[in-house]
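Chemist: mmCIF, C-alpha atoms, file my_file_13.cif:
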data_query
loop_
_atom_site.group_PDB
_atom_site.id
_atom_site.type_symbol
_atom_site.label_atom_id
_atom_site.label_comp_id
_atom_site.auth_asym_id
_atom_site.auth_seq_id
_atom_site.Cartn_x
_atom_site.Cartn_y
_atom_site.Cartn_z
ATOM 1 C CA ALA A 1 14.343 -33.208 -3.226
ATOM 2 C CA SER A 2 12.020 -35.377 -5.330
ATOM 3 C CA GLU A 3 12.292 -39.151 -5.493
ATOM 4 C CA GLY A 4 15.150 -40.443 -7.628
ATOM 5 C CA ARG A 5 16.842 -37.070 -7.724
ATOM 6 C CA ALA A 6 20.517 -36.618 -6.857
ATOM 7 C CA PRO A 7 20.914 -34.136 -3.983
ATOM 8 C CA GLY A 8 22.335 -30.788 -4.941
ATOM 9 C CA ILE A 9 21.739 -31.201 -8.702
ATOM 10 C CA TRP A 10 19.210 -28.980 -10.460
ATOM 11 C CA ILE A 11 17.242 -30.507 -13.340
ATOM 12 C CA CYS A 12 15.653 -28.315 -16.024
ATOM 13 C CA ARG A 13 14.578 -31.283 -18.219
ATOM 14 C CA LEU A 14 16.375 -29.858 -21.201
ATOM 15 C CA GLY A 15 15.638 -31.760 -24.441
ATOM 16 C CA TRP A 16 16.081 -31.217 -28.135
ATOM 17 C CA ARG A 17 12.369 -30.634 -28.740
ATOM 18 C CA HIS A 18 11.347 -28.867 -25.586
ATOM 19 C CA SER A 19 12.775 -27.249 -22.468
ATOM 20 C CA THR A 20 11.440 -25.863 -19.230
ATOM 21 C CA PRO A 21 13.209 -22.620 -18.295
ATOM 22 C CA MET A 22 13.619 -21.442 -14.724
ATOM 23 C CA SER A 23 10.921 -19.162 -13.405
ATOM 24 C CA PRO A 24 12.066 -15.723 -12.119
ATOM 25 C CA GLY A 25 11.723 -16.767 -8.477
ATOM 26 C CA GLU A 26 13.142 -20.266 -8.834
ATOM 27 C CA LYS A 27 16.481 -21.029 -7.195
ATOM 28 C CA LEU A 28 19.060 -23.727 -7.761
ATOM 29 C CA ASP A 29 19.316 -26.425 -5.137
ATOM 30 C CA PRO A 30 22.158 -25.844 -2.683
ATOM 31 C CA LEU A 31 25.372 -27.601 -3.697
ATOM 32 C CA PRO A 32 27.137 -29.890 -1.254
ATOM 33 C CA ASP A 33 30.200 -28.172 0.205
ATOM 34 C CA ILE A 34 32.330 -31.195 -0.687
ATOM 35 C CA PHE A 35 31.803 -30.509 -4.389
ATOM 36 C CA ILE A 36 32.623 -26.812 -4.597
ATOM 37 C CA LEU A 37 35.810 -26.580 -6.629
ATOM 38 C CA GLN A 38 38.458 -24.406 -4.997
ATOM 39 C CA PRO A 39 39.983 -21.912 -7.437
ATOM 40 C CA PRO A 40 43.533 -22.742 -8.483
ATOM 41 C CA VAL A 41 46.448 -20.605 -7.314
ATOM 42 C CA PHE A 42 49.107 -19.353 -9.724
ATOM 43 C CA HIS A 43 52.674 -18.293 -8.899
ATOM 44 C CA PRO A 44 52.250 -17.926 -5.119
ATOM 45 C CA VAL A 45 55.122 -16.503 -3.109
ATOM 46 C CA VAL A 46 56.766 -19.164 -0.904
ATOM 47 C CA PRO A 47 56.363 -19.605 2.029
ATOM 48 C CA TYR A 48 52.690 -19.989 1.165
ATOM 49 C CA VAL A 49 49.820 -21.069 3.417
ATOM 50 C CA THR A 50 46.189 -21.410 2.310
ATOM 51 C CA THR A 51 42.937 -22.875 3.566
ATOM 52 C CA ILE A 52 41.695 -26.049 1.868
ATOM 53 C CA PHE A 53 38.002 -25.453 1.153
ATOM 54 C CA GLY A 54 35.968 -28.119 2.934
ATOM 55 C CA GLY A 55 39.106 -29.767 4.341
ATOM 56 C CA LEU A 56 40.515 -33.060 3.122
ATOM 57 C CA ARG A 57 38.549 -36.267 2.610
ATOM 58 C CA ALA A 58 38.972 -39.495 0.703
ATOM 59 C CA GLY A 59 38.902 -38.850 -3.040
ATOM 60 C CA LYS A 60 40.250 -35.323 -2.896
ATOM 61 C CA MET A 61 43.352 -34.453 -4.925
ATOM 62 C CA VAL A 62 45.895 -31.656 -4.808
ATOM 63 C CA MET A 63 48.117 -30.948 -7.814
ATOM 64 C CA LEU A 64 51.357 -29.002 -7.497
ATOM 65 C CA GLN A 65 53.224 -27.724 -10.569
ATOM 66 C CA GLY A 66 56.541 -25.931 -10.397
ATOM 67 C CA MET A 67 60.315 -26.082 -10.645
ATOM 68 C CA VAL A 68 63.164 -27.023 -8.317
ATOM 69 C CA PRO A 69 65.857 -24.286 -8.256
ATOM 70 C CA GLU A 70 69.398 -25.247 -9.262
ATOM 71 C CA ASP A 71 70.694 -24.558 -5.745
ATOM 72 C CA ALA A 72 67.763 -26.121 -3.864
ATOM 73 C CA HIS A 73 68.495 -27.817 -0.540
ATOM 74 C CA ARG A 74 64.982 -28.911 0.382
ATOM 75 C CA PHE A 75 61.310 -27.965 0.341
ATOM 76 C CA GLN A 76 58.229 -29.223 2.110
ATOM 77 C CA VAL A 77 54.514 -29.532 1.509
ATOM 78 C CA ASP A 78 52.542 -29.738 4.753
ATOM 79 C CA PHE A 79 48.904 -30.733 5.139
ATOM 80 C CA GLN A 80 48.159 -29.047 8.443
ATOM 81 C CA CYS A 81 45.448 -29.136 11.099
ATOM 82 C CA GLY A 82 45.052 -25.368 11.338
ATOM 83 C CA CYS A 83 47.255 -22.406 10.491
ATOM 84 C CA SER A 84 48.315 -20.921 13.841
ATOM 85 C CA LEU A 85 51.928 -19.874 14.420
ATOM 86 C CA HIS A 86 51.939 -20.310 18.206
ATOM 87 C CA PRO A 87 51.318 -23.000 19.146
ATOM 88 C CA ARG A 88 52.466 -24.777 16.003
ATOM 89 C CA PRO A 89 49.594 -26.743 14.446
ATOM 90 C CA ASP A 90 49.643 -30.496 14.073
ATOM 91 C CA ILE A 91 50.872 -31.606 10.657
ATOM 92 C CA ALA A 92 49.060 -34.731 9.491
ATOM 93 C CA ILE A 93 51.272 -35.159 6.413
ATOM 94 C CA HIS A 94 54.750 -33.666 5.966
ATOM 95 C CA PHE A 95 56.173 -34.242 2.456
ATOM 96 C CA ASN A 96 59.843 -33.199 2.408
ATOM 97 C CA PRO A 97 62.151 -33.748 -0.622
ATOM 98 C CA ARG A 98 65.834 -33.219 0.256
ATOM 99 C CA PHE A 99 68.442 -32.528 -2.430
ATOM 100 C CA HIS A 100 71.540 -31.516 -0.444
ATOM 101 C CA THR A 101 72.572 -35.022 0.645
ATOM 102 C CA THR A 102 74.722 -37.452 -1.345
ATOM 103 C CA LYS A 103 71.580 -39.517 -1.952
ATOM 104 C CA PRO A 104 68.570 -37.220 -2.496
ATOM 105 C CA HIS A 105 65.413 -38.611 -0.904
ATOM 106 C CA VAL A 106 61.955 -37.780 0.442
ATOM 107 C CA ILE A 107 60.938 -37.786 4.090
ATOM 108 C CA CYS A 108 57.307 -38.092 5.179
ATOM 109 C CA ASN A 109 56.280 -37.613 8.771
ATOM 110 C CA THR A 110 53.572 -36.423 11.172
ATOM 111 C CA LEU A 111 53.845 -33.717 13.817
ATOM 112 C CA GLN A 112 51.541 -34.088 16.831
ATOM 113 C CA HIS A 113 51.522 -31.843 19.909
ATOM 114 C CA GLY A 114 54.849 -30.335 18.845
ATOM 115 C CA HIS A 115 56.652 -33.663 18.483
ATOM 116 C CA TRP A 116 57.709 -35.409 15.285
ATOM 117 C CA GLN A 117 56.941 -39.102 14.955
ATOM 118 C CA ALA A 118 59.126 -41.732 13.251
ATOM 119 C CA GLU A 119 60.321 -40.691 9.785
ATOM 120 C CA ALA A 120 59.377 -42.608 6.675
ATOM 121 C CA ARG A 121 62.067 -42.350 3.974
ATOM 122 C CA TRP A 122 61.934 -42.931 0.207
ATOM 123 C CA PRO A 123 65.182 -42.987 -1.805
ATOM 124 C CA HIS A 124 65.609 -42.639 -5.578
ATOM 125 C CA LEU A 125 64.062 -39.174 -5.695
ATOM 126 C CA THR A 126 62.746 -38.462 -9.199
ATOM 127 C CA LEU A 127 62.627 -34.693 -8.618
ATOM 128 C CA GLN A 128 65.765 -32.972 -9.912
ATOM 129 C CA ARG A 129 67.391 -29.601 -9.385
ATOM 130 C CA GLY A 130 66.704 -27.259 -12.290
ATOM 131 C CA ALA A 131 63.814 -29.355 -13.582
ATOM 132 C CA SER A 132 60.077 -28.712 -13.692
ATOM 133 C CA PHE A 133 57.629 -31.143 -12.092
ATOM 134 C CA LEU A 134 54.008 -32.104 -11.579
ATOM 135 C CA ILE A 135 53.243 -33.660 -8.189
ATOM 136 C CA LEU A 136 49.829 -35.177 -7.500
ATOM 137 C CA PHE A 137 48.649 -35.914 -3.959
ATOM 138 C CA LEU A 138 45.701 -38.331 -3.944
ATOM 139 C CA PHE A 139 43.948 -38.920 -0.625
ATOM 140 C CA GLY A 140 42.389 -42.313 -0.007
ATOM 141 C CA ASN A 141 40.546 -43.779 2.956
ATOM 142 C CA GLU A 142 43.660 -44.865 4.844
ATOM 143 C CA GLU A 143 46.652 -43.463 2.973
ATOM 144 C CA MET A 144 47.934 -40.745 0.673
ATOM 145 C CA LYS A 145 49.438 -41.641 -2.700
ATOM 146 C CA VAL A 146 51.929 -39.378 -4.449
ATOM 147 C CA SER A 147 52.877 -39.383 -8.123
ATOM 148 C CA VAL A 148 55.713 -37.358 -9.651
ATOM 149 C CA ASN A 149 55.512 -36.487 -13.348
ATOM 150 C CA GLY A 150 52.873 -39.150 -13.914
ATOM 151 C CA GLN A 151 54.681 -41.974 -12.125
ATOM 152 C CA HIS A 152 53.672 -43.387 -8.750
ATOM 153 C CA PHE A 153 56.310 -42.548 -6.138
ATOM 154 C CA LEU A 154 55.076 -43.293 -2.621
ATOM 155 C CA HIS A 155 52.144 -43.947 -0.317
ATOM 156 C CA TYR A 156 51.902 -42.790 3.295
ATOM 157 C CA HIS A 157 49.471 -44.171 5.864
ATOM 158 C CA TYR A 158 47.625 -41.584 7.938
ATOM 159 C CA ARG A 159 48.652 -41.192 11.565
ATOM 160 C CA LEU A 160 46.116 -38.431 12.265
ATOM 161 C CA PRO A 161 42.510 -38.324 10.995
ATOM 162 C CA LEU A 162 42.344 -36.883 7.498
ATOM 163 C CA SER A 163 39.218 -34.968 8.503
ATOM 164 C CA ARG A 164 41.344 -32.703 10.722
ATOM 165 C CA VAL A 165 43.336 -31.308 7.781
ATOM 166 C CA ASP A 166 42.171 -27.906 6.587
ATOM 167 C CA THR A 167 45.372 -26.059 5.602
ATOM 168 C CA LEU A 168 48.083 -26.428 2.962
ATOM 169 C CA GLY A 169 51.543 -25.027 3.638
ATOM 170 C CA ILE A 170 54.467 -24.860 1.183
ATOM 171 C CA PHE A 171 57.935 -23.886 2.386
ATOM 172 C CA GLY A 172 61.579 -23.995 1.322
ATOM 173 C CA ASN A 173 63.432 -24.007 -1.992
ATOM 174 C CA ILE A 174 60.695 -24.342 -4.576
ATOM 175 C CA LEU A 175 59.211 -22.229 -7.383
ATOM 176 C CA VAL A 176 55.479 -22.915 -7.511
ATOM 177 C CA GLU A 177 53.695 -22.267 -10.788
ATOM 178 C CA ALA A 178 50.237 -23.599 -9.919
ATOM 179 C CA ILE A 179 48.260 -25.354 -7.194
ATOM 180 C CA GLY A 180 45.064 -27.146 -8.200
ATOM 181 C CA PHE A 181 42.321 -28.732 -6.093
ATOM 182 C CA LEU A 182 39.965 -31.455 -7.359
ATOM 183 C CA ASN A 183 37.058 -33.002 -5.503
ATOM 184 C CA ILE A 184 35.034 -36.191 -5.480
ATOM 185 C CA ASN A 185 31.987 -37.412 -7.373
ATOM 186 C CA PRO A 186 28.827 -36.039 -5.660
ATOM 187 C CA PHE A 187 26.460 -38.574 -7.227
ATOM 188 C CA ALA A 188 27.800 -41.840 -5.834
ATOM 189 C CA GLU A 189 30.584 -43.296 -3.767
ATOM 190 C CA GLY A 190 32.982 -45.311 -5.887
ATOM 191 C CA GLY A 191 36.547 -46.479 -6.205
ATOM 192 C CA ILE A 192 39.303 -43.934 -5.887
ATOM 193 C CA GLU A 193 41.147 -43.814 -9.178
ATOM 194 C CA TYR A 194 44.761 -42.765 -9.491
ATOM 195 C CA PRO A 195 44.973 -40.245 -12.344
ATOM 196 C CA ILE A 196 48.095 -40.583 -14.436
ATOM 197 C CA GLY A 197 47.173 -38.396 -17.389
ATOM 198 C CA TYR A 198 45.544 -39.244 -20.720
ATOM 199 C CA LYS A 199 46.523 -38.194 -24.211
ATOM 200 C CA VAL A 200 43.945 -36.235 -26.197
ATOM 201 C CA PRO A 201 42.012 -37.229 -28.244
ATOM 202 C CA CYS A 202 40.976 -40.041 -25.929
ATOM 203 C CA SER A 203 38.484 -42.839 -26.631
ATOM 204 C CA CYS A 204 36.977 -45.129 -23.997
ATOM 205 C CA ALA A 205 34.870 -48.193 -24.774
ATOM 206 C CA LEU A 206 31.396 -48.573 -23.250
ATOM 207 C CA PRO A 207 30.817 -52.311 -23.849
ATOM 208 C CA ARG A 208 27.418 -52.373 -22.133
ATOM 209 C CA GLY A 209 26.234 -48.874 -22.939
ATOM 210 C CA LEU A 210 24.872 -46.600 -20.227
ATOM 211 C CA TRP A 211 22.333 -47.531 -17.564
ATOM 212 C CA PRO A 212 20.378 -45.518 -14.978
ATOM 213 C CA GLY A 213 22.635 -44.604 -12.082
ATOM 214 C CA GLN A 214 25.883 -44.818 -14.072
ATOM 215 C CA VAL A 215 28.155 -41.748 -13.860
ATOM 216 C CA ILE A 216 30.825 -40.477 -16.231
ATOM 217 C CA VAL A 217 33.428 -38.297 -14.505
ATOM 218 C CA LEU A 218 35.981 -36.262 -16.409
ATOM 219 C CA ARG A 219 38.642 -34.083 -14.757
ATOM 220 C CA ALA A 220 41.012 -32.002 -16.862
ATOM 221 C CA LEU A 221 43.203 -28.922 -17.167
ATOM 222 C CA VAL A 222 42.575 -26.352 -19.900
ATOM 223 C CA LEU A 223 45.709 -25.718 -22.002
ATOM 224 C CA SER A 224 47.337 -22.276 -22.191
ATOM 225 C CA GLU A 225 45.990 -21.421 -25.689
ATOM 226 C CA PRO A 226 42.681 -23.310 -25.939
ATOM 227 C CA LYS A 227 40.416 -23.519 -28.975
ATOM 228 C CA ASP A 228 37.661 -25.955 -28.036
ATOM 229 C CA PHE A 229 36.735 -28.979 -25.957
ATOM 230 C CA THR A 230 34.361 -31.764 -27.028
ATOM 231 C CA LEU A 231 32.854 -34.745 -25.224
ATOM 232 C CA SER A 232 30.815 -37.116 -27.368
ATOM 233 C CA LEU A 233 29.022 -40.447 -27.018
ATOM 234 C CA SER A 234 28.534 -42.663 -30.080
ATOM 235 C CA ASP A 235 26.925 -46.037 -30.857
ATOM 236 C CA GLU A 236 28.143 -49.045 -32.868
ATOM 237 C CA ALA A 237 26.959 -47.464 -36.110
ATOM 238 C CA ALA A 238 29.120 -44.378 -35.375
ATOM 239 C CA HIS A 239 26.026 -42.253 -34.834
ATOM 240 C CA VAL A 240 26.713 -39.508 -32.260
ATOM 241 C CA PRO A 241 23.503 -38.760 -30.360
ATOM 242 C CA VAL A 242 25.269 -36.864 -27.557
ATOM 243 C CA THR A 243 27.881 -34.128 -27.997
ATOM 244 C CA LEU A 244 28.895 -31.501 -25.457
ATOM 245 C CA ARG A 245 31.144 -28.739 -26.792
ATOM 246 C CA ALA A 246 32.877 -25.755 -25.212
ATOM 247 C CA SER A 247 34.023 -23.102 -27.682
ATOM 248 C CA PHE A 248 36.691 -20.711 -26.427
ATOM 249 C CA ALA A 249 36.331 -18.356 -29.400
ATOM 250 C CA ASP A 250 32.809 -17.244 -28.467
ATOM 251 C CA ARG A 251 32.923 -18.553 -24.853
ATOM 252 C CA THR A 252 29.877 -20.803 -25.198
ATOM 253 C CA LEU A 253 28.912 -24.242 -23.898
ATOM 254 C CA ALA A 254 26.369 -26.171 -25.947
ATOM 255 C CA TRP A 255 24.780 -29.510 -26.736
ATOM 256 C CA ILE A 256 25.193 -30.425 -30.405
ATOM 257 C CA SER A 257 22.411 -32.563 -31.855
ATOM 258 C CA PRO A 258 23.099 -35.466 -34.274
ATOM 259 C CA TRP A 259 22.034 -33.217 -37.151
ATOM 260 C CA GLY A 260 24.267 -30.317 -36.093
ATOM 261 C CA CYS A 261 21.754 -28.170 -34.234
ATOM 262 C CA LYS A 262 23.355 -26.222 -31.383
ATOM 263 C CA LYS A 263 21.473 -25.711 -28.106
ATOM 264 C CA LEU A 264 23.325 -23.275 -25.870
ATOM 265 C CA ILE A 265 23.573 -24.070 -22.173
ATOM 266 C CA SER A 266 22.813 -21.051 -20.038
ATOM 267 C CA ALA A 267 25.677 -20.984 -17.568
ATOM 268 C CA PRO A 268 28.802 -18.967 -16.801
ATOM 269 C CA PHE A 269 31.726 -20.019 -19.009
ATOM 270 C CA ILE A 270 34.221 -21.407 -16.509
ATOM 271 C CA PHE A 271 36.804 -22.861 -18.909
ATOM 272 C CA TYR A 272 39.879 -20.699 -18.407
ATOM 273 C CA PRO A 273 43.447 -21.367 -19.601
ATOM 274 C CA GLN A 274 45.510 -23.337 -17.074
ATOM 275 C CA ARG A 275 42.506 -24.021 -14.856
ATOM 276 C CA PHE A 276 41.043 -27.327 -13.783
ATOM 277 C CA PHE A 277 37.440 -28.332 -14.426
ATOM 278 C CA GLU A 278 35.198 -31.315 -13.760
ATOM 279 C CA VAL A 279 32.378 -32.640 -15.953
ATOM 280 C CA LEU A 280 29.863 -35.217 -14.739
ATOM 281 C CA LEU A 281 27.158 -36.971 -16.701
ATOM 282 C CA LEU A 282 24.638 -38.966 -14.676
ATOM 283 C CA CYS A 283 22.552 -41.482 -16.621
ATOM 284 C CA GLN A 284 18.907 -41.617 -15.597
ATOM 285 C CA GLU A 285 15.642 -42.881 -17.049
ATOM 286 C CA GLY A 286 15.054 -40.800 -20.164
ATOM 287 C CA GLY A 287 18.376 -39.028 -20.497
ATOM 288 C CA LEU A 288 21.584 -37.638 -19.016
ATOM 289 C CA LYS A 289 22.045 -35.013 -16.320
ATOM 290 C CA LEU A 290 25.012 -32.671 -16.621
ATOM 291 C CA ALA A 291 27.021 -31.068 -13.829
ATOM 292 C CA LEU A 292 30.046 -28.826 -14.310
ATOM 293 C CA ASN A 293 32.234 -28.074 -11.284
ATOM 294 C CA GLY A 294 29.348 -29.309 -9.147
ATOM 295 C CA GLN A 295 26.758 -26.977 -10.702
ATOM 296 C CA GLY A 296 23.764 -28.746 -12.208
ATOM 297 C CA LEU A 297 23.217 -27.583 -15.804
ATOM 298 C CA GLY A 298 20.094 -29.462 -16.738
ATOM 299 C CA ALA A 299 19.479 -32.699 -18.632
ATOM 300 C CA ILE A 300 19.389 -33.921 -22.212
ATOM 301 C CA SER A 301 16.513 -36.225 -23.213
ATOM 302 C CA LEU A 302 17.467 -39.604 -24.673
ATOM 303 C CA HIS A 303 15.536 -42.878 -24.858
ATOM 304 C CA GLN A 304 16.775 -45.728 -22.693
ATOM 305 C CA GLN A 305 17.331 -47.883 -25.775
ATOM 306 C CA ALA A 306 19.628 -45.223 -27.251
ATOM 307 C CA LEU A 307 21.556 -45.025 -23.972
ATOM 308 C CA GLU A 308 22.037 -48.803 -23.892
ATOM 309 C CA GLN A 309 23.365 -48.759 -27.469
ATOM 310 C CA LEU A 310 26.137 -46.250 -26.751
ATOM 311 C CA ARG A 311 29.550 -47.864 -27.173
ATOM 312 C CA GLU A 312 32.208 -45.133 -27.125
ATOM 313 C CA LEU A 313 33.101 -42.069 -25.069
ATOM 314 C CA ARG A 314 35.421 -39.685 -26.901
ATOM 315 C CA ILE A 315 37.169 -36.566 -25.569
ATOM 316 C CA SER A 316 39.058 -34.119 -27.762
ATOM 317 C CA GLY A 317 40.254 -30.544 -27.743
ATOM 318 C CA SER A 318 42.578 -28.212 -25.878
ATOM 319 C CA VAL A 319 42.725 -30.019 -22.546
ATOM 320 C CA GLN A 320 45.028 -32.273 -20.555
ATOM 321 C CA LEU A 321 43.064 -35.120 -18.993
ATOM 322 C CA TYR A 322 43.739 -36.368 -15.478
ATOM 323 C CA CYS A 323 40.741 -38.610 -14.881
ATOM 324 C CA VAL A 324 38.170 -40.420 -16.993
ATOM 325 C CA HIS A 325 35.979 -42.569 -14.759
ATOM 326 C CA TYR A 326 32.785 -44.428 -15.717
#
Written as structure tokens, that's how I'd like the structure from this file.

Modeler:
Amino acid sequence: ASEGRAPGIWICRLGWRHSTPMSPGEKLDPLPDIFILQPPVFHPVVPYVTTIFGGLRAGKMVMLQGMVPEDAHRFQVDFQCGCSLHPRPDIAIHFNPRFHTTKPHVICNTLQHGHWQAEARWPHLTLQRGASFLILFLFGNEEMKVSVNGQHFLHYHYRLPLSRVDTLGIFGNILVEAIGFLNINPFAEGGIEYPIGYKVPCSCALPRGLWPGQVIVLRALVLSEPKDFTLSLSDEAAHVPVTLRASFADRTLAWISPWGCKKLISAPFIFYPQRFFEVLLLCQEGGLKLALNGQGLGAISLHQQALEQLRELRISGSVQLYCVHY
């Protein structure tokens, strides 16, 4: 890769006045395995076991949407070190809500060499029989955090290396509607944010504008009946030099110029109802590079002075936001 270039990101130097298309024999740079988004799973039959693409690492997130049956006794979500039946694999993280006791609670534990370790117990279970839920598992450097319906619930320190986990298992009394997998920022290592959900439209202040090396990360879920999705950057005078828009009617992704000119982005349209996606904008000298689900989609030309004068990031459209990081 050339100097100053982020590994795994293809640059076509796309600008409003000129562009350099790919030659017939040119290939995209290989993408890092850690940034390949795993397709979501809808309505799996429980018990359900699946491979986690690339395994677990700090910054990765797993989202679980579903419903607890009225007569549920318990269910469990296991992050396993393998998927064998005999011998039973080690379970790095065992998340086990129990409803059949007088005081419903959650047990977390670790299974190593066929033996359970000391249980960790959390009372005041916010999951309820007959109710739907959204559980988010966020994996940090030393512990896993869990939120239930947007509220932090517990954290569990690792007892086995997170790098050993490569399998997700779901068992027991649970109706699963969707499982989503989200990865980390490939451009730079940063803090691990705890997504709690954002209302749309969403505006975020950029008090110092954008500078080379700065990254905007957006992670979201497309709604069931989407119309469009727009990400825009504006300055103090409310001028909007940068607009990225996905239109579900004609299934196009495009840059919209300040004067309304549309420049289509040549890429597969990956915005599907009830599916997660990730948008990254990397600021560099002379413009912004775009990556969608880890695939480099070129760059928009913009003077450094214009980048420094940007003051607001705005997101609107048919999406549910889970992370806005910049």

Chemist: Taking the file as shown, find all residues satisfying the PyMOL selection byres ((chain A and resi 182) around 12) and write them as a VMD selection string.

Modeler: chain A and resid 34 to 40 52 to 64 136 to 139 179 to 181 183 to 185 195 217 to 221 275 to 279 293 to 294 322 to 323

Chemist: How about saving the chosen residues, C-alpha atoms kept, as a PDB file, in the coordinates of the input?

Modeler:
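What landed in result.pdb:
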ATOM      1  CA  ILE A  34      32.330 -31.195  -0.687  1.00  0.00           C
ATOM      2  CA  PHE A  35      31.803 -30.509  -4.389  1.00  0.00           C
ATOM      3  CA  ILE A  36      32.623 -26.812  -4.597  1.00  0.00           C
ATOM      4  CA  LEU A  37      35.810 -26.580  -6.629  1.00  0.00           C
ATOM      5  CA  GLN A  38      38.458 -24.406  -4.997  1.00  0.00           C
ATOM      6  CA  PRO A  39      39.983 -21.912  -7.437  1.00  0.00           C
ATOM      7  CA  PRO A  40      43.533 -22.742  -8.483  1.00  0.00           C
ATOM      8  CA  ILE A  52      41.695 -26.049   1.868  1.00  0.00           C
ATOM      9  CA  PHE A  53      38.002 -25.453   1.153  1.00  0.00           C
ATOM     10  CA  GLY A  54      35.968 -28.119   2.934  1.00  0.00           C
ATOM     11  CA  GLY A  55      39.106 -29.767   4.341  1.00  0.00           C
ATOM     12  CA  LEU A  56      40.515 -33.060   3.122  1.00  0.00           C
ATOM     13  CA  ARG A  57      38.549 -36.267   2.610  1.00  0.00           C
ATOM     14  CA  ALA A  58      38.972 -39.495   0.703  1.00  0.00           C
ATOM     15  CA  GLY A  59      38.902 -38.850  -3.040  1.00  0.00           C
ATOM     16  CA  LYS A  60      40.250 -35.323  -2.896  1.00  0.00           C
ATOM     17  CA  MET A  61      43.352 -34.453  -4.925  1.00  0.00           C
ATOM     18  CA  VAL A  62      45.895 -31.656  -4.808  1.00  0.00           C
ATOM     19  CA  MET A  63      48.117 -30.948  -7.814  1.00  0.00           C
ATOM     20  CA  LEU A  64      51.357 -29.002  -7.497  1.00  0.00           C
ATOM     21  CA  LEU A 136      49.829 -35.177  -7.500  1.00  0.00           C
ATOM     22  CA  PHE A 137      48.649 -35.914  -3.959  1.00  0.00           C
ATOM     23  CA  LEU A 138      45.701 -38.331  -3.944  1.00  0.00           C
ATOM     24  CA  PHE A 139      43.948 -38.920  -0.625  1.00  0.00           C
ATOM     25  CA  ILE A 179      48.260 -25.354  -7.194  1.00  0.00           C
ATOM     26  CA  GLY A 180      45.064 -27.146  -8.200  1.00  0.00           C
ATOM     27  CA  PHE A 181      42.321 -28.732  -6.093  1.00  0.00           C
ATOM     28  CA  ASN A 183      37.058 -33.002  -5.503  1.00  0.00           C
ATOM     29  CA  ILE A 184      35.034 -36.191  -5.480  1.00  0.00           C
ATOM     30  CA  ASN A 185      31.987 -37.412  -7.373  1.00  0.00           C
ATOM     31  CA  PRO A 195      44.973 -40.245 -12.344  1.00  0.00           C
ATOM     32  CA  VAL A 217      33.428 -38.297 -14.505  1.00  0.00           C
ATOM     33  CA  LEU A 218      35.981 -36.262 -16.409  1.00  0.00           C
ATOM     34  CA  ARG A 219      38.642 -34.083 -14.757  1.00  0.00           C
ATOM     35  CA  ALA A 220      41.012 -32.002 -16.862  1.00  0.00           C
ATOM     36  CA  LEU A 221      43.203 -28.922 -17.167  1.00  0.00           C
ATOM     37  CA  ARG A 275      42.506 -24.021 -14.856  1.00  0.00           C
ATOM     38  CA  PHE A 276      41.043 -27.327 -13.783  1.00  0.00           C
ATOM     39  CA  PHE A 277      37.440 -28.332 -14.426  1.00  0.00           C
ATOM     40  CA  GLU A 278      35.198 -31.315 -13.760  1.00  0.00           C
ATOM     41  CA  VAL A 279      32.378 -32.640 -15.953  1.00  0.00           C
ATOM     42  CA  ASN A 293      32.234 -28.074 -11.284  1.00  0.00           C
ATOM     43  CA  GLY A 294      29.348 -29.309  -9.147  1.00  0.00           C
ATOM     44  CA  TYR A 322      43.739 -36.368 -15.478  1.00  0.00           C
ATOM     45  CA  CYS A 323      40.741 -38.610 -14.881  1.00  0.00           C
TER      46      CYS A 323
END

Chemist: Using all atoms listed in the file, can you tell me which of A:Leu313, A:Cys81, A:Val240, A:Leu168 comes closest to Cys204 in chain A?

Modeler: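 For Cys204 in chain A, the nearest of the candidates is A:Leu313.
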
Chemist: Care to translate the PyMOL selection byres ((chain A and resi 119) around 8) into actual residues of this file, as a PyMOL selection string?

Modeler: chain A and resi 107-109+117-118+120-121

Chemist: So that I can see what lies close to Val319 in chain A, please list as number ranges by chain the residues with an atom at most 8 Å from it, counting only C-alpha atoms and leaving out residues fewer than 4 positions away in the same chain.

Modeler: A: 200, 220-223, 226, 229

Chemist: Taking all atoms listed in the file into account, name the residue in A:Cys261, A:Val106, A:Leu282, A:Ile174 that is nearest to Ser132 in chain A.

Modeler: A:Ile174

Chemist: Between CA of Asp90 in chain A and CA of Pro44 in chain A, what is the spacing in Å?

Modeler: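 Computing the Euclidean distance for CA of Pro44 in chain A and CA of Asp90 in chain A yields 23.1 Å.
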
Chemist: With all atoms listed in the file as the counted atoms, please give the residues lying no more than 9 Å from Arg159 in chain A, apart from itself and same-chain residues fewer than 6 positions off, as a list in words.

Modeler: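 Close residues of Arg159 in chain A: Ala92, Ile93, Asn109 and Thr110 of chain A.
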
Chemist: Given the file above and the PyMOL selection byres ((chain A and resi 83) around 10), which residues are selected, and can you give them as a compact mmCIF listing (two decimals) with C-alpha atoms, in the frame of the given file?

Modeler:
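What ended up in result-v5.txt:
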# COMPACT_ATOMS: atom_id res chain seq x y z
CA VAL A 49 49.82 -21.07 3.42
CA THR A 50 46.19 -21.41 2.31
CA THR A 51 42.94 -22.88 3.57
CA GLN A 80 48.16 -29.05 8.44
CA CYS A 81 45.45 -29.14 11.10
CA GLY A 82 45.05 -25.37 11.34
CA SER A 84 48.32 -20.92 13.84
CA LEU A 85 51.93 -19.87 14.42
CA HIS A 86 51.94 -20.31 18.21
CA PRO A 87 51.32 -23.00 19.15
CA ARG A 88 52.47 -24.78 16.00
CA PRO A 89 49.59 -26.74 14.45
CA ASP A 90 49.64 -30.50 14.07
CA ILE A 91 50.87 -31.61 10.66
CA ASP A 166 42.17 -27.91 6.59
CA THR A 167 45.37 -26.06 5.60
CA LEU A 168 48.08 -26.43 2.96
CA GLY A 169 51.54 -25.03 3.64
